[in-house]
Amino acid sequence: MNTSVSTSAPRLLIVDDEPLLRRHLQALLAEFWPEAQTTLAEDGAVALALCQQQPFDVAFLDIQMPGLDGLQLLRELRRLPAPPLVVFSTAYNQHAVSAFELEAVDYLLKPLEEARLQQCITRLQQRLSQQQKPQANLLHLQQLLSQLLPPAAATEAQHDAPPAPTTESLRWIKASQRDTIHLLDVGDIDFFLAEDKYTTVDSTGQQYLIRTSIATLEQQLDPQLYWRIHRGCIVQVKSILKVERDEFGHMTLVLKNNPTELAVSRAYQHLFRQH
């Protein structure tokens, strides 16, 4: 737990099970809201215990966490005598309707954009000083829904429903490498590989991290250029040099400019069979 010393400062709680992302948000808040006091919690259960022990003005919550997730945590926080204002910070836009229904103040998509976070801080400062009426927050959340969700989805809860195919293929990806965010041209990416809560993006041997699932990427990428070769991997077709098959029928992809070899599951081997 990391807390600053000012007792009169706004009290902020950052809840995220990824240490790097916790520290990244803490650093941004220290830059843009320097008078604020921040406390870190690694999961929903720890955060709930902290909020039961002491009041917080604002809680920044990740959504997908082990145990008590962000939406469940918000429901518990609303039972407190003086619940904090809540901002969701997540890579998943499909939870925006649920956040709206639970009266979250804002909904930030990862990777965090500094200008967007500054707007959020301004709104929080207005709410804490009682300069903003509840109707203004309702309008703000309605605007957020129109930006985050397709028009049909903004009127009903999406929760964890599979994403609908997009009409325009993904061209750019914001991905992190250590403490730096990179803007990657999708055409330079050799493959995407699911790794627990992250997806690894590999571009000519350089690895980056995103929080977008393989299933979502499959909907967003051009299916003529990117093939899913097992449940946890998508490869760019032009990056493939050759396909090798062993005596047991297992297929492995050898890439042109990348030393990583990729296994092809039996369910996707038909993509590489000659007809």
# chains A, B, ... in the order shown; residues from 1 in each chain; ligands from 1
$ residues_around --residues "Leu28 of chain A" --least-positions-apart "6" --cutoff "10 Å" --atoms "only C-alpha atoms" --output "ChimeraX atom specification"
/A:34,112-114,117-118
$ residues_around --residues "Arg266 of chain A" --least-positions-apart "5" --cutoff "9 Å" --atoms "only C-alpha atoms" --output "list in words"
Ile229, His230, Gly249, His250 and Met251 of chain A
$ write_last_selection --atoms "N, CA and C atoms" --output "mmCIF file, in the first residue's frame"
data_model
loop_
_atom_site.group_PDB
_atom_site.id
_atom_site.type_symbol
_atom_site.label_atom_id
_atom_site.label_comp_id
_atom_site.auth_asym_id
_atom_site.auth_seq_id
_atom_site.Cartn_x
_atom_site.Cartn_y
_atom_site.Cartn_z
ATOM 1 N N ILE A 229 -5.011 -19.715 -35.669
ATOM 2 C CA ILE A 229 -4.446 -21.054 -35.864
ATOM 3 C C ILE A 229 -4.636 -21.954 -34.643
ATOM 4 N N HIS A 230 -5.022 -21.401 -33.524
ATOM 5 C CA HIS A 230 -5.567 -22.156 -32.396
ATOM 6 C C HIS A 230 -6.280 -21.185 -31.487
ATOM 7 N N GLY A 249 1.347 -35.898 -37.486
ATOM 8 C CA GLY A 249 0.329 -35.025 -38.059
ATOM 9 C C GLY A 249 0.270 -33.643 -37.447
ATOM 10 N N HIS A 250 1.197 -33.304 -36.525
ATOM 11 C CA HIS A 250 1.211 -31.978 -35.922
ATOM 12 C C HIS A 250 1.772 -30.953 -36.904
ATOM 13 N N MET A 251 1.147 -29.798 -36.988
ATOM 14 C CA MET A 251 1.593 -28.726 -37.868
ATOM 15 C C MET A 251 2.259 -27.617 -37.077
#
$ residues_around --residues "segment 17-25 of chain A" --least-positions-apart "5" --cutoff "9 Å" --atoms "only C-alpha atoms" --output "JSON, numbers by chain"
{"A": [30, 40, 41, 42, 43, 44, 62, 64, 65, 66, 112, 178, 179]}
$ atom_distance --atom1 "atom CA of Leu128 of chain A" --atom2 "atom CA of Leu74 of chain A"
18.2 Å
$ atom_distance --atom1 "atom CA of Glu195 of chain A" --atom2 "atom CA of Leu71 of chain A"
23.3 Å
$ residues_around --residues "Gln72 of chain A" --least-positions-apart "3" --cutoff "12 Å" --atoms "only C-alpha atoms" --output "PyMOL selection string"
chain A and resi 43-45+47-48+61-69+75-79+98-99+102
$ write_last_selection --atoms "N, CA, C and O atoms" --output "PDB file, in the first residue's frame"
ATOM      1  N   ASP A  43      -6.604  -6.218  -5.387  1.00  0.00           N
ATOM      2  CA  ASP A  43      -7.802  -6.933  -5.842  1.00  0.00           C
ATOM      3  C   ASP A  43      -9.029  -6.363  -5.149  1.00  0.00           C
ATOM      4  O   ASP A  43      -8.932  -5.488  -4.279  1.00  0.00           O
ATOM      5  N   GLY A  44     -10.200  -6.870  -5.554  1.00  0.00           N
ATOM      6  CA  GLY A  44     -11.445  -6.337  -5.028  1.00  0.00           C
ATOM      7  C   GLY A  44     -11.639  -6.566  -3.542  1.00  0.00           C
ATOM      8  O   GLY A  44     -12.174  -5.698  -2.841  1.00  0.00           O
ATOM      9  N   ALA A  45     -11.219  -7.715  -3.053  1.00  0.00           N
ATOM     10  CA  ALA A  45     -11.401  -8.021  -1.630  1.00  0.00           C
ATOM     11  C   ALA A  45     -10.589  -7.068  -0.757  1.00  0.00           C
ATOM     12  O   ALA A  45     -11.081  -6.564   0.267  1.00  0.00           O
ATOM     13  N   ALA A  47      -9.573  -4.095  -1.611  1.00  0.00           N
ATOM     14  CA  ALA A  47     -10.169  -2.768  -1.760  1.00  0.00           C
ATOM     15  C   ALA A  47     -11.399  -2.605  -0.886  1.00  0.00           C
ATOM     16  O   ALA A  47     -11.581  -1.565  -0.229  1.00  0.00           O
ATOM     17  N   LEU A  48     -12.256  -3.621  -0.837  1.00  0.00           N
ATOM     18  CA  LEU A  48     -13.462  -3.534  -0.020  1.00  0.00           C
ATOM     19  C   LEU A  48     -13.107  -3.413   1.456  1.00  0.00           C
ATOM     20  O   LEU A  48     -13.697  -2.603   2.184  1.00  0.00           O
ATOM     21  N   LEU A  61     -11.369   1.610 -10.551  1.00  0.00           N
ATOM     22  CA  LEU A  61     -11.509   0.161 -10.513  1.00  0.00           C
ATOM     23  C   LEU A  61     -11.250  -0.473 -11.873  1.00  0.00           C
ATOM     24  O   LEU A  61     -11.812  -0.043 -12.890  1.00  0.00           O
ATOM     25  N   ASP A  62     -10.397  -1.501 -11.874  1.00  0.00           N
ATOM     26  CA  ASP A  62     -10.355  -2.404 -13.016  1.00  0.00           C
ATOM     27  C   ASP A  62     -11.622  -3.256 -12.957  1.00  0.00           C
ATOM     28  O   ASP A  62     -12.260  -3.373 -11.902  1.00  0.00           O
ATOM     29  N   ILE A  63     -12.013  -3.860 -14.059  1.00  0.00           N
ATOM     30  CA  ILE A  63     -13.220  -4.687 -14.055  1.00  0.00           C
ATOM     31  C   ILE A  63     -12.877  -6.163 -13.922  1.00  0.00           C
ATOM     32  O   ILE A  63     -13.384  -6.848 -13.038  1.00  0.00           O
ATOM     33  N   GLN A  64     -12.022  -6.674 -14.774  1.00  0.00           N
ATOM     34  CA  GLN A  64     -11.724  -8.105 -14.756  1.00  0.00           C
ATOM     35  C   GLN A  64     -10.583  -8.388 -13.786  1.00  0.00           C
ATOM     36  O   GLN A  64      -9.414  -8.195 -14.106  1.00  0.00           O
ATOM     37  N   MET A  65     -10.972  -8.813 -12.583  1.00  0.00           N
ATOM     38  CA  MET A  65     -10.020  -9.166 -11.540  1.00  0.00           C
ATOM     39  C   MET A  65     -10.439 -10.501 -10.939  1.00  0.00           C
ATOM     40  O   MET A  65     -11.627 -10.839 -10.935  1.00  0.00           O
ATOM     41  N   PRO A  66      -9.498 -11.279 -10.417  1.00  0.00           N
ATOM     42  CA  PRO A  66      -9.876 -12.542  -9.773  1.00  0.00           C
ATOM     43  C   PRO A  66     -10.678 -12.290  -8.504  1.00  0.00           C
ATOM     44  O   PRO A  66     -10.501 -11.287  -7.826  1.00  0.00           O
ATOM     45  N   GLY A  67     -11.577 -13.208  -8.212  1.00  0.00           N
ATOM     46  CA  GLY A  67     -12.401 -13.047  -7.007  1.00  0.00           C
ATOM     47  C   GLY A  67     -13.476 -11.999  -7.238  1.00  0.00           C
ATOM     48  O   GLY A  67     -14.315 -12.120  -8.125  1.00  0.00           O
ATOM     49  N   LEU A  68     -13.438 -10.950  -6.447  1.00  0.00           N
ATOM     50  CA  LEU A  68     -14.414  -9.866  -6.535  1.00  0.00           C
ATOM     51  C   LEU A  68     -14.032  -8.945  -7.687  1.00  0.00           C
ATOM     52  O   LEU A  68     -13.035  -8.221  -7.609  1.00  0.00           O
ATOM     53  N   ASP A  69     -14.796  -8.970  -8.789  1.00  0.00           N
ATOM     54  CA  ASP A  69     -14.437  -8.125  -9.921  1.00  0.00           C
ATOM     55  C   ASP A  69     -14.928  -6.697  -9.696  1.00  0.00           C
ATOM     56  O   ASP A  69     -15.567  -6.387  -8.687  1.00  0.00           O
ATOM     57  N   ARG A  75     -20.924  -2.735  -6.515  1.00  0.00           N
ATOM     58  CA  ARG A  75     -22.198  -3.045  -5.845  1.00  0.00           C
ATOM     59  C   ARG A  75     -22.010  -3.091  -4.327  1.00  0.00           C
ATOM     60  O   ARG A  75     -22.878  -2.642  -3.567  1.00  0.00           O
ATOM     61  N   GLU A  76     -20.886  -3.637  -3.869  1.00  0.00           N
ATOM     62  CA  GLU A  76     -20.608  -3.691  -2.430  1.00  0.00           C
ATOM     63  C   GLU A  76     -20.323  -2.301  -1.878  1.00  0.00           C
ATOM     64  O   GLU A  76     -20.754  -1.955  -0.769  1.00  0.00           O
ATOM     65  N   LEU A  77     -19.604  -1.485  -2.637  1.00  0.00           N
ATOM     66  CA  LEU A  77     -19.271  -0.138  -2.168  1.00  0.00           C
ATOM     67  C   LEU A  77     -20.518   0.720  -1.999  1.00  0.00           C
ATOM     68  O   LEU A  77     -20.569   1.579  -1.114  1.00  0.00           O
ATOM     69  N   ARG A  78     -21.515   0.465  -2.814  1.00  0.00           N
ATOM     70  CA  ARG A  78     -22.745   1.262  -2.722  1.00  0.00           C
ATOM     71  C   ARG A  78     -23.499   1.005  -1.419  1.00  0.00           C
ATOM     72  O   ARG A  78     -24.368   1.789  -1.044  1.00  0.00           O
ATOM     73  N   ARG A  79     -23.158  -0.073  -0.733  1.00  0.00           N
ATOM     74  CA  ARG A  79     -23.795  -0.373   0.550  1.00  0.00           C
ATOM     75  C   ARG A  79     -23.180   0.429   1.699  1.00  0.00           C
ATOM     76  O   ARG A  79     -23.746   0.476   2.797  1.00  0.00           O
ATOM     77  N   SER A  98     -23.291  -1.569 -17.920  1.00  0.00           N
ATOM     78  CA  SER A  98     -23.368  -1.941 -16.506  1.00  0.00           C
ATOM     79  C   SER A  98     -22.812  -0.831 -15.625  1.00  0.00           C
ATOM     80  O   SER A  98     -23.359  -0.542 -14.550  1.00  0.00           O
ATOM     81  N   ALA A  99     -21.735  -0.202 -16.062  1.00  0.00           N
ATOM     82  CA  ALA A  99     -21.174   0.917 -15.295  1.00  0.00           C
ATOM     83  C   ALA A  99     -22.172   2.061 -15.211  1.00  0.00           C
ATOM     84  O   ALA A  99     -22.345   2.685 -14.159  1.00  0.00           O
ATOM     85  N   LEU A 102     -24.843   1.324 -12.692  1.00  0.00           N
ATOM     86  CA  LEU A 102     -24.363   1.375 -11.309  1.00  0.00           C
ATOM     87  C   LEU A 102     -23.868   2.774 -10.917  1.00  0.00           C
ATOM     88  O   LEU A 102     -23.288   2.953  -9.861  1.00  0.00           O
TER      89      LEU A 102
END
$ closest_residue --among "A:Gly187, A:Pro84, A:Pro259, A:Gly205" --to "Val237 of chain A" --atoms "only C-alpha atoms"
A:Gly187
$ residues_around --residues "Ala175 of chain A" --least-positions-apart "4" --cutoff "7 Å" --atoms "only C-alpha atoms" --output "PDB file with N, CA, C and O atoms, in the first residue's frame"
ATOM      1  N   ILE A 181       3.993   3.171 -23.973  1.00  0.00           N
ATOM      2  CA  ILE A 181       2.908   2.796 -24.873  1.00  0.00           C
ATOM      3  C   ILE A 181       3.361   3.054 -26.314  1.00  0.00           C
ATOM      4  O   ILE A 181       3.844   4.134 -26.643  1.00  0.00           O
ATOM      5  N   HIS A 182       3.210   2.048 -27.167  1.00  0.00           N
ATOM      6  CA  HIS A 182       3.602   2.145 -28.571  1.00  0.00           C
ATOM      7  C   HIS A 182       2.359   2.084 -29.452  1.00  0.00           C
ATOM      8  O   HIS A 182       1.410   1.356 -29.151  1.00  0.00           O
ATOM      9  N   LEU A 183       2.382   2.823 -30.553  1.00  0.00           N
ATOM     10  CA  LEU A 183       1.331   2.754 -31.554  1.00  0.00           C
ATOM     11  C   LEU A 183       1.850   1.881 -32.689  1.00  0.00           C
ATOM     12  O   LEU A 183       2.781   2.258 -33.409  1.00  0.00           O
ATOM     13  N   TYR A 208       5.040  -6.915 -27.200  1.00  0.00           N
ATOM     14  CA  TYR A 208       4.266  -5.867 -26.551  1.00  0.00           C
ATOM     15  C   TYR A 208       3.044  -6.516 -25.903  1.00  0.00           C
ATOM     16  O   TYR A 208       2.721  -7.671 -26.207  1.00  0.00           O
ATOM     17  N   LEU A 209       2.360  -5.783 -25.037  1.00  0.00           N
ATOM     18  CA  LEU A 209       1.196  -6.324 -24.348  1.00  0.00           C
ATOM     19  C   LEU A 209      -0.037  -5.467 -24.604  1.00  0.00           C
ATOM     20  O   LEU A 209       0.034  -4.240 -24.629  1.00  0.00           O
ATOM     21  N   ILE A 210      -1.172  -6.149 -24.800  1.00  0.00           N
ATOM     22  CA  ILE A 210      -2.464  -5.477 -24.865  1.00  0.00           C
ATOM     23  C   ILE A 210      -3.439  -6.263 -24.001  1.00  0.00           C
ATOM     24  O   ILE A 210      -3.167  -7.400 -23.623  1.00  0.00           O
TER      25      ILE A 210
END
$ residues_around --residues "Val58 of chain A" --least-positions-apart "6" --cutoff "6 Å" --atoms "only C-alpha atoms" --output "number ranges by chain"
A: 12, 84-86
$ write_last_selection --atoms "C-alpha atoms" --output "tab-separated table (two decimals), in the first residue's frame"
chain	number	residue	atom	x	y	z
A	12	LEU	CA	-8.07	8.10	-4.13
A	84	PRO	CA	-16.64	6.78	-3.05
A	85	LEU	CA	-17.18	8.10	-6.53
A	86	VAL	CA	-16.20	5.34	-8.93
$ select_by_dssp --residues "segment 6-79 of chain A" --states "strand (DSSP E or B)" --output "list in words"
Arg11, Leu12, Leu13, Ile14, Val15, Gln37, Thr38, Thr39, Leu40, Ala41, Val58, Ala59, Phe60 and Leu61 of chain A
$ residues_around --residues "segment 221-226 of chain A" --least-positions-apart "3" --cutoff "8 Å" --atoms "only C-alpha atoms" --output "compact mmCIF listing (two decimals) with N, CA, C and O atoms, in the first residue's frame"
# COMPACT_ATOMS: atom_id res chain seq x y z
N SER A 169 -11.71 -2.97 -40.75
CA SER A 169 -10.70 -3.76 -40.07
C SER A 169 -9.77 -2.88 -39.24
O SER A 169 -9.53 -1.72 -39.56
N LEU A 170 -9.25 -3.46 -38.19
CA LEU A 170 -8.33 -2.77 -37.29
C LEU A 170 -7.05 -2.42 -38.03
O LEU A 170 -6.50 -3.23 -38.76
N LEU A 217 -10.00 -9.67 -31.13
CA LEU A 217 -9.11 -9.37 -32.25
C LEU A 217 -9.56 -10.07 -33.53
O LEU A 217 -9.49 -9.50 -34.61
N GLU A 218 -10.03 -11.31 -33.39
CA GLU A 218 -10.48 -12.05 -34.56
C GLU A 218 -11.62 -11.32 -35.26
O GLU A 218 -11.73 -11.35 -36.49
N ILE A 234 -3.41 -15.80 -33.25
CA ILE A 234 -3.74 -15.30 -34.59
C ILE A 234 -2.43 -14.92 -35.26
O ILE A 234 -1.59 -14.23 -34.67
N VAL A 235 -2.24 -15.33 -36.51
CA VAL A 235 -1.00 -15.05 -37.23
C VAL A 235 -1.33 -14.26 -38.50
O VAL A 235 -2.39 -14.44 -39.11
N GLN A 236 -0.41 -13.37 -38.89
CA GLN A 236 -0.56 -12.67 -40.16
C GLN A 236 -0.07 -13.59 -41.27
O GLN A 236 1.05 -14.10 -41.23
N VAL A 237 -0.90 -13.79 -42.28
CA VAL A 237 -0.61 -14.78 -43.32
C VAL A 237 0.69 -14.47 -44.05
O VAL A 237 1.50 -15.35 -44.33
N LYS A 238 0.95 -13.18 -44.34
CA LYS A 238 2.14 -12.85 -45.12
C LYS A 238 3.43 -13.06 -44.31
O LYS A 238 4.52 -13.06 -44.89
$ closest_residue --among "A:Phe191, A:Phe60, A:Trp172, A:Phe32" --to "Lys256 of chain A" --atoms "only C-alpha atoms"
A:Phe191
$ atom_distance --atom1 "atom CA of Val186 of chain A" --atom2 "atom CA of Val254 of chain A"
19.6 Å
$ closest_residue --among "A:Leu124, A:Asn258, A:Leu50, A:Ala91" --to "Asp106 of chain A" --atoms "only C-alpha atoms"
A:Leu124
